[in-house]
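Reproduced below: final-v6.cif, with mmCIF, C-alpha atoms (C1' of nucleotides).
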data_upload
#
loop_
_atom_site.label_atom_id
_atom_site.label_comp_id
_atom_site.auth_asym_id
_atom_site.auth_seq_id
_atom_site.Cartn_x
_atom_site.Cartn_y
_atom_site.Cartn_z
CA MET Y 30 0.00 0.00 0.00
CA PRO Y 31 2.46 2.51 -1.21
CA GLU Y 32 2.38 6.03 0.06
CA LEU Y 33 5.32 7.91 1.55
CA PRO Y 34 5.92 5.59 4.54
CA GLU Y 35 5.64 2.44 2.44
CA ALA Y 36 7.95 3.92 -0.17
CA ASP Y 37 10.43 4.75 2.55
CA ALA Y 38 10.30 1.21 3.93
CA ALA Y 39 11.04 -0.04 0.42
CA ARG Y 40 13.87 2.45 0.05
CA ARG Y 41 15.35 1.23 3.32
CA ARG Y 42 15.34 -2.34 2.07
CA ILE Y 43 17.58 -1.22 -0.78
CA ALA Y 44 19.78 0.82 1.56
CA ASP Y 45 20.14 -2.01 4.07
CA HIS Y 46 20.61 -4.95 1.74
CA CYS Y 47 21.57 -3.91 -1.77
CA LEU Y 48 24.29 -1.26 -1.64
CA HIS Y 49 27.93 -1.75 -2.61
CA ARG Y 50 27.28 -4.91 -4.56
CA THR Y 51 28.23 -5.02 -8.21
CA ILE Y 52 25.27 -5.32 -10.57
CA GLU Y 53 25.70 -8.31 -12.86
CA GLY Y 54 22.50 -7.97 -14.82
CA PHE Y 55 18.74 -7.73 -14.85
CA THR Y 56 15.89 -10.17 -15.23
CA ILE Y 57 12.79 -8.81 -16.84
CA GLY Y 58 9.48 -10.45 -15.97
CA GLU Y 59 6.14 -9.85 -17.56
CA VAL Y 60 6.81 -6.64 -19.39
CA SER Y 61 3.59 -6.00 -21.23
CA HIS Y 62 2.17 -2.69 -20.08
CA VAL Y 63 4.84 -2.22 -17.43
CA ASP Y 64 6.88 0.92 -17.68
CA LEU Y 65 10.52 -0.19 -17.47
CA PRO Y 66 13.76 1.32 -18.76
CA PRO Y 67 14.84 0.19 -22.22
CA THR Y 68 17.54 -2.49 -22.28
CA ASP Y 69 20.30 -0.12 -23.32
CA GLN Y 70 19.61 2.02 -20.27
CA LEU Y 71 19.60 -0.97 -17.95
CA ASP Y 72 22.92 -2.04 -19.45
CA ARG Y 73 24.50 1.16 -18.19
CA PHE Y 74 24.08 -0.12 -14.63
CA ILE Y 75 25.89 -3.37 -15.26
CA GLY Y 76 29.26 -3.39 -13.51
CA THR Y 77 28.28 -0.45 -11.29
CA GLN Y 78 27.14 -0.49 -7.69
CA LEU Y 79 24.27 1.26 -5.97
CA THR Y 80 25.81 3.35 -3.24
CA ARG Y 81 22.99 5.54 -2.06
CA THR Y 82 19.25 5.94 -1.97
CA HIS Y 83 16.88 8.84 -1.85
CA ARG Y 84 13.16 9.38 -1.58
CA HIS Y 85 10.95 12.31 -2.44
CA GLY Y 86 7.28 11.86 -1.70
CA LYS Y 87 6.35 8.46 -3.07
CA TYR Y 88 9.30 8.32 -5.46
CA ILE Y 89 12.26 6.08 -4.60
CA PHE Y 90 15.72 6.60 -6.06
CA ALA Y 91 18.77 4.35 -6.00
CA GLY Y 92 22.08 5.12 -7.63
CA SER Y 93 25.62 6.26 -7.12
CA VAL Y 94 27.46 9.52 -7.04
CA ASP Y 95 28.85 9.32 -10.54
CA GLY Y 96 26.62 6.74 -12.16
CA PRO Y 97 23.02 6.76 -13.31
CA TRP Y 98 20.09 6.63 -10.91
CA MET Y 99 17.00 4.57 -11.20
CA HIS Y 100 13.71 5.82 -9.91
CA ILE Y 101 10.96 3.52 -8.76
CA HIS Y 102 7.33 4.39 -8.25
CA LEU Y 103 5.25 1.66 -6.67
CA GLY Y 104 1.95 2.76 -8.17
CA MET Y 105 -1.13 1.26 -6.57
CA ALA Y 106 0.15 -2.14 -5.56
CA GLY Y 107 3.88 -2.36 -6.23
CA SER Y 108 6.51 -3.47 -3.74
CA LEU Y 109 10.21 -4.28 -3.53
CA ARG Y 110 11.54 -7.58 -2.30
CA VAL Y 111 15.10 -8.51 -1.45
CA TRP Y 112 16.02 -12.17 -1.68
CA ASP Y 113 18.92 -14.45 -2.54
CA ASP Y 114 19.44 -16.67 -5.50
CA GLY Y 115 18.11 -20.12 -4.72
CA GLY Y 116 15.05 -18.75 -2.95
CA ASP Y 117 11.61 -18.50 -4.43
CA VAL Y 118 11.21 -15.94 -7.18
CA PRO Y 119 8.63 -13.39 -6.02
CA ASP Y 120 5.32 -13.49 -7.81
CA TYR Y 121 4.37 -10.59 -10.06
CA ALA Y 122 8.08 -9.92 -10.60
CA ARG Y 123 8.51 -7.23 -13.26
CA LEU Y 124 12.17 -6.36 -12.92
CA THR Y 125 14.90 -8.01 -10.87
CA VAL Y 126 18.35 -6.55 -10.25
CA ASN Y 127 20.94 -9.33 -10.01
CA PHE Y 128 23.87 -8.45 -7.76
CA GLU Y 129 27.09 -10.32 -7.35
CA GLY Y 130 26.93 -13.03 -4.73
CA GLY Y 131 23.36 -13.93 -5.63
CA ARG Y 132 21.59 -11.03 -3.96
CA ARG Y 133 18.39 -10.10 -5.77
CA LEU Y 134 16.20 -7.00 -5.70
CA THR Y 135 12.79 -7.48 -7.30
CA PHE Y 136 10.23 -4.89 -8.24
CA ARG Y 137 6.91 -6.70 -8.13
CA ASP Y 138 3.69 -5.09 -9.22
CA PRO Y 139 0.44 -7.05 -9.53
CA ARG Y 140 -1.52 -4.17 -10.99
CA LYS Y 141 1.19 -2.80 -13.23
CA PHE Y 142 0.57 0.83 -12.32
CA GLY Y 143 4.10 1.34 -11.05
CA HIS Y 144 7.19 2.12 -13.05
CA VAL Y 145 10.96 2.07 -13.05
CA GLN Y 146 12.98 4.55 -15.06
CA MET Y 147 16.53 5.74 -15.31
CA VAL Y 148 17.11 9.34 -14.25
CA ALA Y 149 20.20 11.46 -14.71
CA ASP Y 150 19.53 13.96 -11.95
CA VAL Y 151 17.24 13.50 -8.98
CA ASP Y 152 16.61 17.18 -8.29
CA GLN Y 153 15.86 17.82 -11.92
CA PHE Y 154 13.45 14.89 -11.97
CA VAL Y 155 11.59 16.21 -8.93
CA ALA Y 156 11.39 19.65 -10.52
CA ASP Y 157 10.20 18.29 -13.84
CA LYS Y 158 7.49 16.28 -12.11
CA GLY Y 159 6.35 19.44 -10.39
CA LEU Y 160 6.43 17.80 -6.97
CA GLY Y 161 6.02 19.95 -3.90
CA PRO Y 162 8.24 19.61 -0.81
CA ASP Y 163 8.40 16.18 0.76
CA ALA Y 164 5.59 15.85 3.27
CA MET Y 165 8.01 14.84 6.05
CA GLN Y 166 10.29 17.80 5.36
CA ILE Y 167 7.87 20.65 4.79
CA GLY Y 168 7.98 23.30 7.49
CA ASP Y 169 5.20 24.99 9.44
CA ASN Y 170 4.99 28.09 7.30
CA ALA Y 171 5.10 26.32 3.97
CA PHE Y 172 2.44 23.84 5.12
CA ALA Y 173 0.19 26.61 6.38
CA ASN Y 174 0.59 28.55 3.15
CA VAL Y 175 0.02 25.65 0.81
CA ILE Y 176 -2.95 24.18 2.68
CA GLY Y 177 -4.47 27.40 3.94
CA GLY Y 178 -4.21 28.90 0.48
CA THR Y 179 -6.37 26.21 -1.08
CA ARG Y 180 -9.99 27.07 -1.70
CA GLY Y 181 -11.05 23.45 -2.22
CA ALA Y 182 -11.39 20.49 0.14
CA VAL Y 183 -8.58 20.07 2.64
CA LYS Y 184 -8.21 16.42 1.74
CA SER Y 185 -7.75 17.24 -1.94
CA ALA Y 186 -4.99 19.65 -0.94
CA LEU Y 187 -3.24 16.98 1.13
CA LEU Y 188 -3.36 14.58 -1.80
CA ASP Y 189 -2.04 17.11 -4.31
CA GLN Y 190 1.56 16.00 -4.93
CA GLY Y 191 2.34 19.41 -6.37
CA LYS Y 192 1.52 21.07 -3.05
CA LEU Y 193 3.38 18.60 -0.90
CA ALA Y 194 4.58 15.18 -1.92
CA GLY Y 195 3.94 11.82 -0.32
CA ILE Y 196 0.48 11.78 1.24
CA GLY Y 197 -1.97 9.25 -0.19
CA ASN Y 198 -5.56 8.36 0.47
CA LEU Y 199 -5.06 6.19 3.56
CA TRP Y 200 -2.83 8.50 5.55
CA ALA Y 201 -4.80 11.58 4.49
CA ASP Y 202 -7.89 9.98 6.03
CA GLU Y 203 -5.94 8.90 9.10
CA SER Y 204 -4.52 12.37 9.65
CA LEU Y 205 -7.86 14.12 9.28
CA TYR Y 206 -9.49 11.57 11.57
CA ARG Y 207 -6.96 12.17 14.29
CA THR Y 208 -7.02 15.95 13.89
CA GLY Y 209 -10.81 16.06 13.89
CA ILE Y 210 -11.22 17.74 10.51
CA MET Y 211 -13.83 16.76 7.93
CA PRO Y 212 -12.22 15.64 4.66
CA ASP Y 213 -14.40 18.00 2.65
CA ALA Y 214 -13.83 21.02 4.87
CA LYS Y 215 -12.77 24.03 2.83
CA ALA Y 216 -9.05 24.34 3.52
CA SER Y 217 -8.91 28.12 3.46
CA ASP Y 218 -11.64 28.27 6.12
CA LEU Y 219 -9.65 26.29 8.67
CA PRO Y 220 -8.25 28.28 11.59
CA ALA Y 221 -4.49 28.55 11.72
CA GLU Y 222 -4.28 26.42 14.86
CA GLN Y 223 -6.13 23.60 13.14
CA ILE Y 224 -3.82 23.73 10.12
CA ALA Y 225 -0.84 23.66 12.45
CA ALA Y 226 -2.33 20.67 14.26
CA LEU Y 227 -2.91 18.93 10.94
CA HIS Y 228 0.70 19.48 9.98
CA THR Y 229 1.86 17.90 13.23
CA THR Y 230 -0.51 14.98 12.84
CA VAL Y 231 0.41 14.27 9.22
CA GLN Y 232 4.07 13.98 10.16
CA ASP Y 233 3.28 12.03 13.31
CA VAL Y 234 1.10 9.55 11.44
CA MET Y 235 3.55 8.94 8.64
CA GLY Y 236 6.51 8.98 11.00
CA THR Y 237 4.87 6.28 13.09
CA VAL Y 238 4.17 4.15 10.02
CA MET Y 239 7.82 4.47 9.01
CA ASP Y 240 8.94 3.58 12.53
CA LYS Y 241 6.88 0.41 12.29
CA ASN Y 242 8.39 -0.32 8.89
CA ALA Y 243 4.94 0.04 7.33
CA ASP Y 244 3.72 -3.06 9.16
CA TYR Y 245 0.09 -2.12 9.76
CA SER Y 246 -0.38 -4.80 12.39
CA GLN Y 247 1.99 -2.86 14.64
CA LEU Y 248 0.01 0.37 14.43
CA PRO Y 249 -2.09 1.42 17.43
CA ARG Y 250 -5.45 -0.30 17.60
CA ASP Y 251 -7.38 2.94 17.69
CA TRP Y 252 -6.18 4.05 14.27
CA LEU Y 253 -8.70 4.44 11.49
CA ILE Y 254 -6.66 2.13 9.28
CA HIS Y 255 -7.99 -0.82 11.27
CA ASN Y 256 -11.59 0.39 10.99
CA ARG Y 257 -11.92 1.69 7.46
CA THR Y 258 -15.39 0.25 7.08
CA ASP Y 259 -18.69 1.98 6.55
CA GLY Y 260 -20.65 1.60 9.77
CA ALA Y 261 -17.73 0.71 12.06
CA ASP Y 262 -17.58 2.21 15.55
CA CYS Y 263 -15.41 5.28 15.88
CA THR Y 264 -12.46 4.65 18.21
CA ARG Y 265 -12.30 8.24 19.37
CA CYS Y 266 -15.91 9.04 20.22
CA ASP Y 267 -19.30 7.37 20.11
CA GLY Y 268 -19.75 8.16 16.41
CA THR Y 269 -19.89 5.84 13.42
CA ILE Y 270 -17.35 5.58 10.61
CA THR Y 271 -18.94 6.82 7.41
CA LYS Y 272 -17.85 6.58 3.81
CA MET Y 273 -18.05 9.54 1.46
CA THR Y 274 -16.35 10.68 -1.72
CA VAL Y 275 -14.08 13.72 -1.66
CA GLY Y 276 -12.22 14.81 -4.74
CA GLY Y 277 -13.15 11.54 -6.37
CA ARG Y 278 -11.50 9.49 -3.63
CA THR Y 279 -13.13 7.21 -1.13
CA SER Y 280 -12.95 8.87 2.25
CA TYR Y 281 -13.70 7.29 5.61
CA HIS Y 282 -14.35 9.61 8.48
CA CYS Y 283 -16.37 10.06 11.65
CA PRO Y 284 -18.95 12.83 11.23
CA ALA Y 285 -19.31 13.06 15.01
CA HIS Y 286 -15.84 14.28 15.89
CA GLN Y 287 -14.58 15.51 12.49
CA THR Y 288 -15.96 18.93 11.75
"C1'" DT S 123 -20.77 -11.36 -11.29
"C1'" DG S 124 -19.93 -6.85 -10.19
"C1'" DA S 125 -18.09 -3.40 -7.35
"C1'" DT S 126 -14.04 -1.49 -5.56
"C1'" DA S 127 -9.22 -0.46 -4.96
"C1'" DT S 128 -3.63 2.40 -1.72
"C1'" DG S 129 -1.77 6.36 -7.66
"C1'" DT S 130 -1.05 9.30 -11.69
"C1'" DT S 131 -2.16 11.51 -15.93
"C1'" DT S 132 -4.99 13.53 -19.27
"C1'" DT S 133 -8.89 15.88 -20.88
"C1'" DA S 134 -12.81 18.73 -20.40
"C1'" DC S 135 -15.52 21.86 -18.07
"C1'" DT S 136 -16.71 25.57 -14.50
"C1'" DC B 86 -4.93 30.20 -13.07
"C1'" DA B 87 -7.61 27.30 -9.43
"C1'" DG B 88 -10.51 23.74 -8.90
"C1'" DT B 89 -13.79 19.81 -10.06
"C1'" DA B 90 -14.90 15.61 -12.33
"C1'" DA B 91 -14.37 11.67 -15.01
"C1'" DA B 92 -11.93 8.45 -17.49
"C1'" DA B 93 -8.07 5.58 -18.46
"C1'" DC B 94 -4.34 2.54 -17.15
"C1'" DA B 95 -4.40 -3.56 -15.79
"C1'" DT B 96 -5.45 -6.54 -12.44
"C1'" DA B 97 -6.59 -8.61 -7.84
"C1'" DT B 98 -9.78 -9.20 -4.29
"C1'" DC B 99 -14.05 -9.03 -1.76
#
Please, can you express the file's structure as structure tokens?
Amino acid sequence: MPELPEADAARRRIADHCLHRTIEGFTIGEVSHVDLPPTDQLDRFIGTQLTRTHRHGKYIFAGSVDGPWMHIHLGMAGSLRVWDDGGDVPDYARLTVNFEGGRRLTFRDPRKFGHVQMVADVDQFVADKGLGPDAMQIGDNAFANVIGGTRGAVKSALLDQGKLAGIGNLWADESLYRTGIMPDAKASDLPAEQIAALHTTVQDVMGTVMDKNADYSQLPRDWLIHNRTDGADCTRCDGTITKMTVGGRTSYHCPAHQT
DNA sequence: TGATATGTTTTACT
DNA sequence: CAGTAAAACATATC
């Protein structure tokens, strides 16, 4: 379920298990309709090593100081798996990086909405994509300006990757639930204190998910993520979880304590 | 069987 | 320009 925290957990798997190993080659899985680098671009990585990783919003980068970078976007259902030769090949494998010593890094993507591409310059890529500041890095003033300056629904603003990058549907709902703001509240009508509280909560929610390595079973039981069902009992008041559509996205909230 | 889905992009309209 | 809405992408799951 890839939003910023899930992307960061994936990035960490590369950082912890795949750096400083010479790339021997690539194995391409089912390629139809999957956006992968052309073979000649992949070939440029052969013989090099990944030495560092980076993440901006939901975009993962892996590369080296003087070599090419690859960027990975997990789309709706993508994930990264690290394994060793001799183990089971992950299902839905689209692209596997083969390192020396048998280490394998597989991009798997059941729904094929993700992509992997080679990028020359990370900062340039982020600029070209028009991404806003990373949601974990954005400061108080910038957050207040970008959210408070939006005339539309606050949730739509949170999800706008051009305003700030990394928040997706699940953690937008979670953050609004915990801050007590209705998803369809007009952002520019929110008092400054509430926007400040939302900023704190967004970073707290996603920081917690990262701390738990995006393992949802380790998240507190009173989080909305465990109760995203129409009609469920609210864990924060005596209200009832209700489903609505905001900005074309399914939104779960509690109308009793979110206003 | 049909509805729904965690993301992004494009197009069209207000 | 800011915002809304819908569709498309390809497939798995409930």
With the PyMOL selection byres ((chain B) within 7 of (chain Y)) as the selection, what would be picked from this file? Answer as number ranges by chain, please.
B: 88, 95-96
To verify the selection step, state as a PyMOL selection string which residues the PyMOL selection byres ((chain S) within 9 of (chain Y)) yields on this input.
chain S and resi 127-130
Residues matched by the PyMOL selection byres ((chain B and resi 92) around 12), written as a PyMOL selection string
(chain Y and resi 277) or (chain S and resi 131-134) or (chain B and resi 90-91+93-94)
Output of the above residues as a compact mmCIF listing (two decimals), keeping the file's coordinate frame, restricted to C-alpha atoms (C1' of nucleotides):
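Output below, filename result-v7.txt:
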# COMPACT_ATOMS: atom_id res chain seq x y z
CA GLY Y 277 -13.15 11.54 -6.37
C1' DT S 131 -2.16 11.51 -15.93
C1' DT S 132 -4.99 13.53 -19.27
C1' DT S 133 -8.89 15.88 -20.88
C1' DA S 134 -12.81 18.73 -20.40
C1' DA B 90 -14.90 15.61 -12.33
C1' DA B 91 -14.37 11.67 -15.01
C1' DA B 93 -8.07 5.58 -18.46
C1' DC B 94 -4.34 2.54 -17.15
Interatomic distance, CA of Ala171 in chain Y to CA of Thr82 in chain Y (Å, one decimal)
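Interatomic distance here is 25.5 Å.
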When you draw a straight line from CA of His46 in chain Y to CA of Glu59 in chain Y, how long is it in Å?
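According to the coordinates, CA of His46 in chain Y and CA of Glu59 in chain Y are separated by 24.6 Å.
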Selection: 8 Å around Gly76 in chain Y, all atoms listed in the file, excl. self and same-chain fewer than 6 positions, as a list in words:
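So, after excluding close chain neighbours, the residues are Thr51, Ile52 and Glu53 of chain Y.
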Range 119-125 of chain Y: which residues within 7 Å, counting all atoms listed in the file, same-chain residues fewer than 6 positions away excluded, as an mmCIF file with C-alpha atoms, in the frame of the given file?
data_model
loop_
_atom_site.group_PDB
_atom_site.id
_atom_site.type_symbol
_atom_site.label_atom_id
_atom_site.label_comp_id
_atom_site.auth_asym_id
_atom_site.auth_seq_id
_atom_site.Cartn_x
_atom_site.Cartn_y
_atom_site.Cartn_z
ATOM 1 C CA PHE Y 55 18.740 -7.730 -14.850
ATOM 2 C CA THR Y 56 15.890 -10.170 -15.230
ATOM 3 C CA ILE Y 57 12.790 -8.810 -16.840
ATOM 4 C CA GLY Y 58 9.480 -10.450 -15.970
ATOM 5 C CA GLU Y 59 6.140 -9.850 -17.560
ATOM 6 C CA VAL Y 60 6.810 -6.640 -19.390
ATOM 7 C CA ARG Y 133 18.390 -10.100 -5.770
ATOM 8 C CA LEU Y 134 16.200 -7.000 -5.700
ATOM 9 C CA THR Y 135 12.790 -7.480 -7.300
ATOM 10 C CA PHE Y 136 10.230 -4.890 -8.240
ATOM 11 C CA ARG Y 137 6.910 -6.700 -8.130
ATOM 12 C CA ASP Y 138 3.690 -5.090 -9.220
ATOM 13 C CA PRO Y 139 0.440 -7.050 -9.530
#
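Atom pair CA of Ile75 in chain Y / CA of Arg40 in chain Y has a distance of 20.3 Å (rounded to one decimal).
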Name all residues at most 12 Å from Asp152 in chain Y (count all atoms listed in the file; drop same-chain ones fewer than 3 positions away) and give them as number ranges by chain.
Y: 83-85, 88, 90, 98, 100, 148-149, 155-162
Resulting file, chosen residues, C-alpha atoms, as a PDB file, keeping the file's coordinate frame:
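Okay, part-v4.pdb is ready:
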ATOM      1  CA  HIS Y  83      16.880   8.840  -1.850  1.00  0.00           C
ATOM      2  CA  ARG Y  84      13.160   9.380  -1.580  1.00  0.00           C
ATOM      3  CA  HIS Y  85      10.950  12.310  -2.440  1.00  0.00           C
ATOM      4  CA  TYR Y  88       9.300   8.320  -5.460  1.00  0.00           C
ATOM      5  CA  PHE Y  90      15.720   6.600  -6.060  1.00  0.00           C
ATOM      6  CA  TRP Y  98      20.090   6.630 -10.910  1.00  0.00           C
ATOM      7  CA  HIS Y 100      13.710   5.820  -9.910  1.00  0.00           C
ATOM      8  CA  VAL Y 148      17.110   9.340 -14.250  1.00  0.00           C
ATOM      9  CA  ALA Y 149      20.200  11.460 -14.710  1.00  0.00           C
ATOM     10  CA  VAL Y 155      11.590  16.210  -8.930  1.00  0.00           C
ATOM     11  CA  ALA Y 156      11.390  19.650 -10.520  1.00  0.00           C
ATOM     12  CA  ASP Y 157      10.200  18.290 -13.840  1.00  0.00           C
ATOM     13  CA  LYS Y 158       7.490  16.280 -12.110  1.00  0.00           C
ATOM     14  CA  GLY Y 159       6.350  19.440 -10.390  1.00  0.00           C
ATOM     15  CA  LEU Y 160       6.430  17.800  -6.970  1.00  0.00           C
ATOM     16  CA  GLY Y 161       6.020  19.950  -3.900  1.00  0.00           C
ATOM     17  CA  PRO Y 162       8.240  19.610  -0.810  1.00  0.00           C
TER      18      PRO Y 162
END
Find the residues near DC99 in chain B: any atom within 12 Å, counting all atoms listed in the file, skip ones fewer than 3 places away on the same chain, and give them as a list of chain:residue names.
S:DT123, S:DG124, S:DA125, S:DT126, S:DA127
